[in-house]
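Reproduced below: target.cif, with mmCIF, C-alpha atoms.
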```cif
data_protein
#
loop_
_atom_site.label_atom_id
_atom_site.label_comp_id
_atom_site.auth_asym_id
_atom_site.auth_seq_id
_atom_site.Cartn_x
_atom_site.Cartn_y
_atom_site.Cartn_z
CA MET A 1 99.96 110.44 -132.62
CA ALA A 2 98.15 111.51 -129.48
CA GLU A 3 100.36 112.82 -126.72
CA ILE A 4 99.99 112.75 -122.93
CA LEU A 5 101.23 116.10 -121.63
CA GLY A 6 100.84 115.32 -117.95
CA GLY A 7 98.43 114.57 -115.18
CA ILE A 8 96.54 116.21 -112.35
CA GLY A 9 95.46 114.75 -109.01
CA ILE A 10 92.65 116.81 -107.50
CA SER A 11 89.95 116.46 -104.85
CA HIS A 12 86.33 116.54 -106.00
CA VAL A 13 84.60 117.62 -102.76
CA PRO A 14 81.40 119.47 -103.78
CA SER A 15 82.23 122.98 -102.53
CA LEU A 16 85.84 123.00 -103.86
CA ALA A 17 85.31 125.31 -106.85
CA ARG A 18 83.47 127.93 -104.77
CA VAL A 19 86.04 127.78 -101.96
CA VAL A 20 88.97 128.17 -104.40
CA GLU A 21 87.26 131.12 -106.13
CA GLN A 22 86.39 132.93 -102.89
CA ASP A 23 89.95 132.38 -101.63
CA ARG A 24 91.38 134.86 -104.19
CA PRO A 25 93.24 137.66 -102.36
CA GLU A 26 91.75 140.24 -104.75
CA LEU A 27 88.33 139.16 -103.48
CA GLY A 28 89.45 139.43 -99.86
CA GLY A 29 90.26 135.73 -99.59
CA GLU A 30 93.09 134.25 -97.56
CA ASN A 31 95.09 132.76 -100.44
CA HIS A 32 95.19 129.25 -98.94
CA PHE A 33 94.30 127.67 -102.28
CA ALA A 34 96.76 129.43 -104.60
CA ALA A 35 98.09 126.07 -105.82
CA PHE A 36 94.66 125.17 -107.19
CA ARG A 37 94.65 128.36 -109.27
CA ASP A 38 98.28 127.73 -110.28
CA VAL A 39 97.29 124.32 -111.64
CA ALA A 40 94.40 125.92 -113.54
CA GLY A 41 96.95 128.25 -115.16
CA TRP A 42 99.32 125.36 -115.85
CA LEU A 43 96.50 123.47 -117.52
CA ALA A 44 95.53 126.45 -119.67
CA ASP A 45 99.17 126.78 -120.79
CA LYS A 46 99.25 123.10 -121.79
CA ARG A 47 96.31 123.66 -124.18
CA PRO A 48 94.98 120.08 -123.98
CA ASP A 49 92.25 118.96 -126.38
CA VAL A 50 91.07 116.09 -124.21
CA LEU A 51 90.98 115.34 -120.50
CA VAL A 52 90.71 111.70 -119.48
CA VAL A 53 88.94 112.09 -116.13
CA ILE A 54 89.07 109.29 -113.56
CA TYR A 55 86.22 109.76 -111.08
CA ASN A 56 83.52 107.95 -109.15
CA ASP A 57 79.78 108.34 -109.16
CA HIS A 58 78.07 109.05 -105.82
CA GLY A 59 74.73 107.35 -106.30
CA SER A 60 73.80 109.84 -109.01
CA ALA A 61 73.89 108.04 -112.34
CA LEU A 62 75.01 104.60 -111.16
CA SER A 63 73.07 103.16 -108.21
CA LEU A 64 73.87 99.90 -106.42
CA GLU A 65 71.61 98.15 -108.96
CA VAL A 66 74.60 97.72 -111.27
CA VAL A 67 78.14 98.37 -110.03
CA PRO A 68 80.77 98.39 -112.80
CA THR A 69 84.29 98.15 -111.44
CA PHE A 70 85.64 100.29 -114.30
CA ALA A 71 83.32 102.05 -116.76
CA VAL A 72 84.37 104.22 -119.71
CA GLY A 73 82.15 106.74 -121.45
CA VAL A 74 82.24 106.61 -125.26
CA ALA A 75 79.51 109.20 -125.83
CA ALA A 76 79.61 112.40 -127.88
CA SER A 77 78.34 114.36 -124.89
CA TYR A 78 77.66 113.93 -121.16
CA LEU A 79 75.04 115.71 -119.09
CA PRO A 80 75.64 116.80 -115.50
CA ALA A 81 73.69 114.36 -113.31
CA ASP A 82 70.78 115.36 -111.09
CA GLU A 83 72.05 114.63 -107.57
CA GLY A 84 68.76 115.63 -105.96
CA ARG A 85 68.81 119.37 -106.45
CA GLY A 86 68.43 119.51 -110.23
CA ARG A 87 71.16 119.21 -112.83
CA ARG A 88 74.18 121.39 -112.14
CA PRO A 89 73.83 124.55 -114.29
CA VAL A 90 76.94 123.96 -116.39
CA PRO A 91 77.18 123.14 -120.11
CA ALA A 92 77.06 119.50 -121.18
CA PHE A 93 80.55 118.02 -121.40
CA PRO A 94 81.60 117.27 -124.99
CA GLY A 95 82.97 113.77 -125.44
CA ALA A 96 85.85 112.37 -127.46
CA PRO A 97 84.25 109.19 -128.81
CA GLU A 98 87.10 108.30 -131.17
CA LEU A 99 89.67 108.33 -128.37
CA SER A 100 87.21 106.62 -125.98
CA TRP A 101 86.63 103.76 -128.40
CA HIS A 102 90.34 103.50 -129.14
CA ILE A 103 90.99 103.09 -125.39
CA VAL A 104 88.23 100.45 -125.17
CA ASP A 105 89.59 98.56 -128.18
CA LYS A 106 93.14 98.52 -126.82
CA VAL A 107 92.58 98.08 -123.09
CA ILE A 108 89.95 95.33 -122.98
CA PRO A 109 92.07 92.89 -125.04
CA GLU A 110 94.89 93.57 -122.56
CA GLY A 111 92.71 92.07 -119.85
CA PHE A 112 90.91 95.04 -118.30
CA ASP A 113 87.21 94.27 -118.65
CA LEU A 114 85.81 97.78 -118.95
CA THR A 115 82.09 98.53 -118.97
CA VAL A 116 81.34 100.63 -122.08
CA CYS A 117 78.79 103.45 -121.70
CA GLN A 118 77.14 105.15 -124.68
CA ARG A 119 75.04 107.25 -122.33
CA LEU A 120 76.31 108.44 -118.97
CA ASP A 121 75.42 111.36 -116.73
CA VAL A 122 78.39 112.62 -114.72
CA ASP A 123 78.13 113.93 -111.17
CA HIS A 124 80.27 116.22 -109.01
CA GLY A 125 83.05 113.62 -108.99
CA LEU A 126 83.81 114.84 -112.52
CA SER A 127 82.22 118.28 -112.66
CA GLU A 128 83.70 119.75 -109.47
CA PRO A 129 87.32 119.42 -110.63
CA LEU A 130 86.45 120.80 -114.07
CA VAL A 131 84.64 123.84 -112.63
CA THR A 132 87.59 124.32 -110.25
CA LEU A 133 90.08 124.21 -113.13
CA PHE A 134 88.12 126.13 -115.80
CA GLY A 135 85.69 128.28 -113.79
CA GLU A 136 82.13 129.07 -114.85
CA VAL A 137 82.28 128.73 -118.62
CA ASP A 138 79.74 129.04 -121.43
CA GLU A 139 81.54 126.31 -123.32
CA TRP A 140 84.10 123.78 -122.06
CA PRO A 141 87.54 124.31 -123.64
CA VAL A 142 88.22 120.54 -123.72
CA ARG A 143 86.51 117.30 -124.62
CA ILE A 144 86.44 114.50 -122.05
CA VAL A 145 86.82 110.76 -121.70
CA PRO A 146 85.15 109.85 -118.37
CA VAL A 147 86.39 106.77 -116.54
CA ALA A 148 84.15 105.82 -113.59
CA VAL A 149 85.62 103.58 -110.88
CA ASN A 150 83.79 101.69 -108.14
CA VAL A 151 85.31 102.98 -104.94
CA VAL A 152 82.06 102.63 -102.96
CA GLN A 153 81.25 98.93 -102.62
CA GLN A 154 83.92 96.43 -101.56
CA PRO A 155 85.69 94.73 -103.11
CA THR A 156 86.89 97.79 -104.95
CA PRO A 157 89.77 97.43 -107.42
CA SER A 158 93.15 97.28 -105.70
CA ALA A 159 95.68 100.08 -105.87
CA GLN A 160 97.93 97.84 -107.98
CA ARG A 161 95.08 97.10 -110.40
CA CYS A 162 94.34 100.81 -110.71
CA PHE A 163 97.99 101.59 -111.44
CA ASP A 164 98.13 98.82 -114.04
CA LEU A 165 94.93 100.05 -115.70
CA GLY A 166 96.48 103.51 -115.89
CA ARG A 167 99.50 102.06 -117.66
CA ALA A 168 97.26 100.32 -120.17
CA ILE A 169 95.30 103.55 -120.76
CA GLY A 170 98.60 105.40 -121.23
CA ARG A 171 99.76 102.88 -123.85
CA ALA A 172 96.40 103.12 -125.60
CA ILE A 173 96.53 106.91 -125.78
CA ALA A 174 100.12 106.80 -127.07
CA SER A 175 99.00 104.52 -129.89
CA SER A 176 95.99 106.61 -130.85
CA PRO A 177 96.02 107.63 -134.53
CA GLY A 178 94.59 111.04 -133.62
CA ASP A 179 96.74 114.04 -132.73
CA GLU A 180 95.02 114.88 -129.43
CA ARG A 181 96.90 116.64 -126.67
CA VAL A 182 95.79 114.77 -123.53
CA VAL A 183 95.93 115.45 -119.81
CA VAL A 184 94.84 112.70 -117.42
CA VAL A 185 93.00 113.78 -114.27
CA GLY A 186 92.72 111.55 -111.20
CA THR A 187 90.04 112.86 -108.83
CA GLY A 188 88.96 112.31 -105.23
CA GLY A 189 90.43 112.34 -101.75
CA MET A 190 92.36 113.31 -99.90
CA SER A 191 91.70 111.82 -96.46
CA HIS A 192 88.09 112.05 -95.28
CA GLN A 193 85.42 109.91 -93.70
CA LEU A 194 81.70 110.65 -93.96
CA GLN A 195 80.30 107.70 -92.00
CA GLY A 196 80.41 105.98 -88.62
CA GLU A 197 81.61 107.33 -85.30
CA ARG A 198 84.95 108.19 -86.92
CA ALA A 199 83.30 110.68 -89.33
CA GLY A 200 85.44 113.78 -89.73
CA TYR A 201 88.68 111.78 -89.78
CA ILE A 202 91.67 113.48 -91.44
CA ASN A 203 95.22 112.11 -91.79
CA SER A 204 97.48 114.90 -93.01
CA ALA A 205 100.68 112.91 -92.51
CA PHE A 206 99.40 110.20 -94.84
CA ASP A 207 98.10 112.73 -97.37
CA ASN A 208 101.45 114.50 -97.58
CA SER A 209 103.37 111.27 -98.01
CA PHE A 210 100.86 110.29 -100.71
CA LEU A 211 101.57 113.58 -102.51
CA ASP A 212 105.30 112.79 -102.37
CA ASP A 213 104.90 109.24 -103.60
CA ILE A 214 102.34 109.85 -106.34
CA VAL A 215 105.07 111.83 -108.13
CA ASP A 216 108.28 109.95 -107.33
CA ASP A 217 107.39 106.48 -106.09
CA PRO A 218 103.87 105.45 -107.13
CA GLN A 219 104.79 101.78 -106.76
CA ALA A 220 105.04 102.37 -103.01
CA LEU A 221 101.35 103.35 -103.05
CA THR A 222 100.33 100.11 -104.72
CA ALA A 223 101.51 98.12 -101.70
CA TYR A 224 98.57 99.16 -99.51
CA SER A 225 95.46 96.96 -99.41
CA ASN A 226 91.94 98.39 -99.72
CA VAL A 227 91.40 98.06 -95.97
CA GLU A 228 94.71 99.82 -95.32
CA TYR A 229 93.56 102.72 -97.53
CA ILE A 230 90.32 102.87 -95.51
CA GLU A 231 92.30 102.88 -92.26
CA LEU A 232 94.83 105.46 -93.43
CA ALA A 233 92.78 107.79 -95.64
CA GLY A 234 89.28 107.18 -94.25
CA SER A 235 86.40 105.18 -95.68
CA GLU A 236 85.72 107.81 -98.37
CA GLY A 237 89.35 108.92 -98.71
CA ALA A 238 90.17 105.41 -99.93
CA GLU A 239 89.05 106.71 -103.34
CA LEU A 240 92.61 108.10 -103.63
CA VAL A 241 93.44 104.92 -105.57
CA MET A 242 91.95 106.76 -108.56
CA TRP A 243 95.02 109.02 -108.62
CA LEU A 244 97.07 105.89 -109.32
CA ILE A 245 95.21 105.38 -112.61
CA MET A 246 96.26 108.90 -113.59
CA ARG A 247 99.85 108.29 -112.49
CA GLY A 248 100.04 104.96 -114.28
CA ALA A 249 99.17 106.68 -117.56
CA LEU A 250 102.19 109.01 -117.23
CA ASP A 251 105.83 108.23 -117.90
CA GLY A 252 108.14 106.80 -115.28
CA ASN A 253 110.24 109.95 -115.43
CA VAL A 254 108.13 112.96 -114.45
CA ARG A 255 108.39 116.39 -112.86
CA GLU A 256 106.09 117.93 -110.26
CA ALA A 257 104.86 121.33 -111.52
CA HIS A 258 102.56 122.35 -108.65
CA ARG A 259 101.24 120.97 -105.41
CA GLY A 260 98.83 122.17 -102.74
CA TYR A 261 97.10 120.85 -99.64
CA ARG A 262 94.58 122.41 -97.29
CA VAL A 263 92.32 121.19 -94.47
CA PRO A 264 89.38 121.40 -94.56
CA VAL A 265 87.09 121.90 -97.49
CA SER A 266 83.78 120.88 -95.97
CA SER A 267 84.70 117.61 -94.19
CA THR A 268 87.57 116.76 -96.53
CA ALA A 269 91.30 117.32 -96.87
CA ALA A 270 91.72 119.05 -100.24
CA GLY A 271 94.79 118.24 -102.30
CA ILE A 272 96.10 118.95 -105.76
CA VAL A 273 99.19 118.04 -107.78
CA ALA A 274 100.18 118.71 -111.39
CA ILE A 275 102.71 116.35 -112.93
CA GLU A 276 104.45 116.76 -116.30
CA ASN A 277 105.89 114.09 -118.50
CA GLN A 278 109.55 114.97 -119.11
CA MET B 1 80.26 86.84 -92.32
CA LYS B 2 80.51 87.15 -88.57
CA LYS B 3 81.13 90.57 -87.14
CA GLU B 4 84.57 89.72 -85.79
CA GLU B 5 85.74 88.50 -89.20
CA ARG B 6 85.22 91.94 -90.65
CA MET B 7 88.16 94.28 -90.89
CA ASP B 8 86.32 97.41 -89.79
CA PRO B 9 88.65 100.07 -88.44
CA PRO B 10 87.18 101.51 -85.22
CA GLY B 11 84.14 103.72 -85.84
CA THR B 12 84.03 102.63 -89.49
CA TYR B 13 81.56 100.40 -91.32
CA VAL B 14 83.29 99.01 -94.41
CA PHE B 15 80.63 98.87 -97.13
CA ASP B 16 81.01 95.27 -98.23
CA GLY B 17 78.72 92.78 -99.88
CA VAL B 18 77.02 91.76 -96.63
CA ARG B 19 76.09 95.35 -95.86
CA SER B 20 75.18 96.17 -99.46
CA ARG B 21 72.85 93.17 -99.57
CA ARG B 22 71.22 94.07 -96.26
CA GLY B 23 71.02 97.74 -97.14
CA PHE B 24 69.81 97.48 -100.73
CA PRO B 25 66.18 98.53 -100.06
CA LEU B 26 67.37 101.53 -98.07
CA ASN B 27 70.03 102.54 -100.59
CA ASP B 28 67.62 101.92 -103.48
CA LEU B 29 65.17 104.30 -101.82
CA GLY B 30 67.97 106.84 -101.40
CA ALA B 31 68.97 106.59 -105.07
CA SER B 32 65.37 107.19 -106.13
CA LEU B 33 65.44 110.56 -104.38
CA ASN B 34 67.62 112.07 -107.11
CA GLU B 35 64.29 112.78 -108.83
CA THR B 36 62.06 115.58 -107.64
CA ALA B 37 58.85 113.61 -108.24
CA ASN B 38 60.14 110.87 -105.95
CA GLN B 39 61.21 113.38 -103.31
CA ASN B 40 57.63 114.69 -103.30
CA ALA B 41 56.17 111.18 -103.07
CA PHE B 42 58.48 110.33 -100.16
CA GLU B 43 57.63 113.55 -98.32
CA SER B 44 53.88 113.20 -98.78
CA ASP B 45 53.66 109.55 -97.61
CA PRO B 46 56.95 108.24 -96.23
CA GLU B 47 55.43 105.01 -94.87
CA ALA B 48 53.98 103.99 -98.23
CA TYR B 49 57.24 104.99 -99.93
CA MET B 50 59.31 102.85 -97.54
CA ASP B 51 56.94 99.92 -98.10
CA ARG B 52 57.34 100.29 -101.84
CA TYR B 53 61.13 99.87 -101.49
CA GLY B 54 60.84 96.99 -99.02
CA LEU B 55 62.66 98.43 -96.02
CA ASP B 56 62.56 96.21 -92.95
CA GLU B 57 61.16 97.46 -89.64
CA ASP B 58 64.56 98.45 -88.21
CA GLN B 59 65.42 100.41 -91.34
CA LYS B 60 62.02 102.14 -91.31
CA ARG B 61 62.52 103.18 -87.70
CA ALA B 62 65.99 104.55 -88.46
CA VAL B 63 64.60 106.57 -91.39
CA ARG B 64 61.68 107.89 -89.30
CA ASP B 65 64.15 108.93 -86.58
CA ARG B 66 66.65 110.27 -89.14
CA ASP B 67 69.17 108.16 -87.21
CA TRP B 68 71.98 108.30 -89.76
CA LEU B 69 74.43 106.14 -87.80
CA ARG B 70 71.78 103.44 -87.35
CA MET B 71 71.06 103.56 -91.08
CA VAL B 72 74.75 102.88 -91.75
CA GLN B 73 74.71 100.01 -89.24
CA LEU B 74 71.71 98.57 -91.13
CA GLY B 75 73.49 98.59 -94.48
CA GLY B 76 72.98 102.17 -95.56
CA ASN B 77 75.75 103.77 -97.60
CA VAL B 78 76.35 107.43 -96.90
CA TYR B 79 76.10 108.54 -100.53
CA PHE B 80 72.59 107.09 -100.74
CA ILE B 81 71.14 107.80 -97.31
CA VAL B 82 72.34 111.40 -97.47
CA LYS B 83 69.75 111.95 -100.21
CA ILE B 84 67.11 111.61 -97.50
CA GLY B 85 68.76 114.57 -95.81
CA VAL B 86 68.91 116.46 -99.12
CA THR B 87 65.16 115.84 -99.50
CA ASP B 88 64.66 117.29 -96.01
CA GLY B 89 66.66 120.36 -97.07
CA MET B 90 69.47 119.48 -94.68
CA PRO B 91 73.08 120.43 -95.53
CA VAL B 92 75.19 117.32 -96.06
CA PRO B 93 77.76 118.28 -93.37
CA HIS B 94 74.91 118.35 -90.82
CA VAL B 95 74.08 114.74 -91.67
CA ILE B 96 77.74 113.81 -91.21
CA ALA B 97 77.91 115.72 -87.89
CA GLU B 98 74.83 113.90 -86.53
CA MET B 99 76.38 110.62 -87.62
CA ALA B 100 79.39 111.46 -85.44
CA GLY B 101 77.11 112.38 -82.53
CA MET B 102 78.02 116.08 -82.69
CA THR B 103 76.19 119.32 -83.36
CA PRO B 104 76.92 120.93 -86.74
CA GLU B 105 78.82 123.69 -84.93
CA GLN B 106 80.97 121.23 -82.96
CA PHE B 107 81.69 119.22 -86.10
CA ALA B 108 82.57 122.29 -88.17
CA GLN B 109 84.92 123.47 -85.43
CA MET B 110 86.62 120.07 -85.29
CA MET B 111 87.15 120.24 -89.07
CA ARG B 112 88.57 123.77 -88.88
CA ASP B 113 90.94 122.48 -86.20
CA GLY B 114 92.27 119.90 -88.64
CA GLY B 115 89.67 117.15 -88.37
CA ARG B 116 89.50 114.03 -86.23
CA LYS B 117 93.10 112.94 -85.69
CA PRO B 118 94.36 109.42 -86.38
CA ASN B 119 94.39 107.40 -83.13
CA GLY B 120 92.61 110.31 -81.45
#
```

Mind turning this structure into C-alpha cells?
Amino acid sequence: MAEILGGIGISHVPSLARVVEQDRPELGGENHFAAFRDVAGWLADKRPDVLVVIYNDHGSALSLEVVPTFAVGVAASYLPADEGRGRRPVPAFPGAPELSWHIVDKVIPEGFDLTVCQRLDVDHGLSEPLVTLFGEVDEWPVRIVPVAVNVVQQPTPSAQRCFDLGRAIGRAIASSPGDERVVVVGTGGMSHQLQGERAGYINSAFDNSFLDDIVDDPQALTAYSNVEYIELAGSEGAELVMWLIMRGALDGNVREAHRGYRVPVSSTAAGIVAIENQ
Amino acid sequence: MKKEERMDPPGTYVFDGVRSRRGFPLNDLGASLNETANQNAFESDPEAYMDRYGLDEDQKRAVRDRDWLRMVQLGGNVYFIVKIGVTDGMPVPHVIAEMAGMTPEQFAQMMRDGGRKPNG
C-alpha cells in the first residue's frame, strides 16, 4: 500500500532556489529563509519515493491553444521546458507512470475529468520548488507525478473543486497497490500581482491567515470565490488554490512541521509550510 | 461582456474569455518566442512576424512601443507578453515595473518595503 507521509506548500517564483541558497548564514546571508532549508531537511528525513507536484505552466509547454483545467503526467520522464532562455540545466525528472495511471484510473471515474499527458515538459512552476528543496543535483532523489492546473485563464477551477480533487487524489494514492512513500507538493503564491496598475501588490495579512488555515481549517479557504482570491492574493497569487489540492490529499488530522514567510522574492511573497499526516 | 459587468479589482485585468479571445494573436506570438529560432525571426522582422500571428493595429502599436500595460488592456496575458521582454533581454521585473508605471529602481524599492499594500 502506498502511503502519504505529508505535504508541502511552497512558492515557485523563479529566483527562489538561488535566494534561499544565498541566504545561508555560512555564506554571509541573512538567514531570512531558514524555514525553506528546514523543510528541505524535513523532506530528506521523510525519504519519499514519489512527489505528486501540483503546479501550473506559464506559457511554456501549454499555450492558450489548449487549456486543460487539470492535467496529469503519466510519462516515464519529463524534460525541463524551454521558457525562452533554453532548457533549465537540470536533469530530466523521472516519472512514476504506475502511480500516475492508478490516479487517472481512480480519479476520472469519480468525476474529475483529468487530461492525461504521455509527454509533458515542465517549467519553473515545478522545477523551482524541486531545486529549492533538493539543490543542484546530478540525479533527482525522487520520481514525480506532475499535476498541472489552469490558474491563468478564467474560469479557473474553484477552491472547493481543487480541495475535492485533492481528496480524490489522496484516496487514489491510499489505494495504490505499490508501496511508494509519497509527499504531495502544492506550489505557487503567495500574494503577488504581475499585471495592471496594481502590479507589485502584496497582502501579508491574507498570506499569514492562509498559512494558518491551510493546516487547521482548509474548508475555510474553500469559501472564497476565484475573484475573491484575485482581490485578496493578487491576480497571480490566486494560484494559491493549488495548495488546497495538496491539503485535500492529506488527512483531516495533521501537524504543522515547519512554516516560513518572507517578502519579497522578486515581486512575490514567498511562503512555505510542511504538514505531516498524524 | 460590457466593461462594467466585469469584476475587475482596481488596477487589475482579470484574464477571462473575452480578453483571451481578443488577445489570442498577441499571446500566441508570445508563446512562440519560447523557441530561439522564433526569437530571431521576430527580432529581424517584427512587422512581418506580427502579421504572421494576426495582431490587430492596436496590438501592433503596443508591441512596437513595448507598452506592457496597453498589451494587457488589449488581451495580453503577462506570462505570454513577458516573452517579448525576454527576447529583448529585459529582466522580467523590469517589465512588471513598467507595467506599474515605475522605474525598475522604484519598483524594487517598493517590493523591499513590503510591496504595494492592500487599499493603498

Inset, instruction - Give as a list of chain:residue names the residues that the PyMOL selection byres ((chain A and resi 53) around 6) matches when applied to the coordinates above. - result: A:Leu51, A:Val52, A:Ile54, A:Pro146, A:Val147, A:Val185

Inset, instruction - Return as a PyMOL selection string the residues belonging to chain B that are within 8 Å of chain A, counting only C-alpha atoms. - result: chain B and resi 7+9-17+20+24+27-28+31+33-36+69+72+78-80+83+86-87+93+96-97+99-101+107-108+110-112+114-118

Inset, instruction - Give me, please, the distance in Å between CA of His124 in chain A and CA of Gly6 in chain A, quoted to one decimal. - result: 22.4 Å

Inset, instruction - Identify, on the basis of only C-alpha atoms, every residue whose closest approach to Val182 in chain A does not exceed 8 Å; exclude the query and any residue fewer than 4 positions from it along the same chain; express the result as a PyMOL selection string. - result: chain A and resi 2-6+48-52

Legend entry - Expected selection from the PyMOL selection byres ((chain A and resi 258) around 12), given as number ranges by chain: A: 6-10, 33-43, 211-212, 215, 255-257, 259-261, 271-276

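One finds CA of Val66 in chain A at 21.3 Å from CA of Met71 in chain B.
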
Box time for range 206-215 of chain A: axis-aligned, enclosing all its listed atoms, 8 Å extra on each side; report centre and edge lengths in Å to one decimal, as AutoDock Vina command-line options.
```
--center_x 101.7 --center_y 111.9 --center_z -101.5 --size_x 23.2 --size_y 21.3 --size_z 29.3
```

Inset, instruction - Using CA of Ser176 in chain A and CA of Pro68 in chain A as the two end points, give the distance in Å to one decimal. - result: 25.0 Å

Legend entry - Nearest residue to Glu57 in chain B from the set B:Pro104, B:Pro25, B:Gly30, B:Gly85 (distances using all atoms listed in the file): B:Pro25

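Residues of protein, DNA or RNA having at least one counted atom within 9 Å of (64.9, 104.1, -95.0), given all atoms listed in the file, are B:Pro25, B:Leu26, B:Asn27, B:Leu29, B:Gly30, B:Met50, B:Tyr53, B:Leu55, B:Asp56, B:Asp58, B:Gln59, B:Lys60, B:Arg61, B:Ala62, B:Val63, B:Arg64, B:Arg66, B:Met71, B:Gly76, B:Ile81, B:Ile84.
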
Legend entry - Distance criterion (only C-alpha atoms): nearest to Gln160 in chain A out of A:Met242, A:Ile108, A:Val90, A:Met190: A:Met242

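Taking all atoms listed in the file into account, Glu110 in chain A lies nearest to A:Leu165 out of the set A:Ser225, A:Leu165, A:Val183, A:Val122.
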
Inset, instruction - Go through the shown structure with the PyMOL selection byres ((chain A and resi 16) around 9) and write out the matching residues as an NGL selection string. - result: :A and (11-15 or 17-21 or 128-129 or 131-132 or 265-266 or 270)
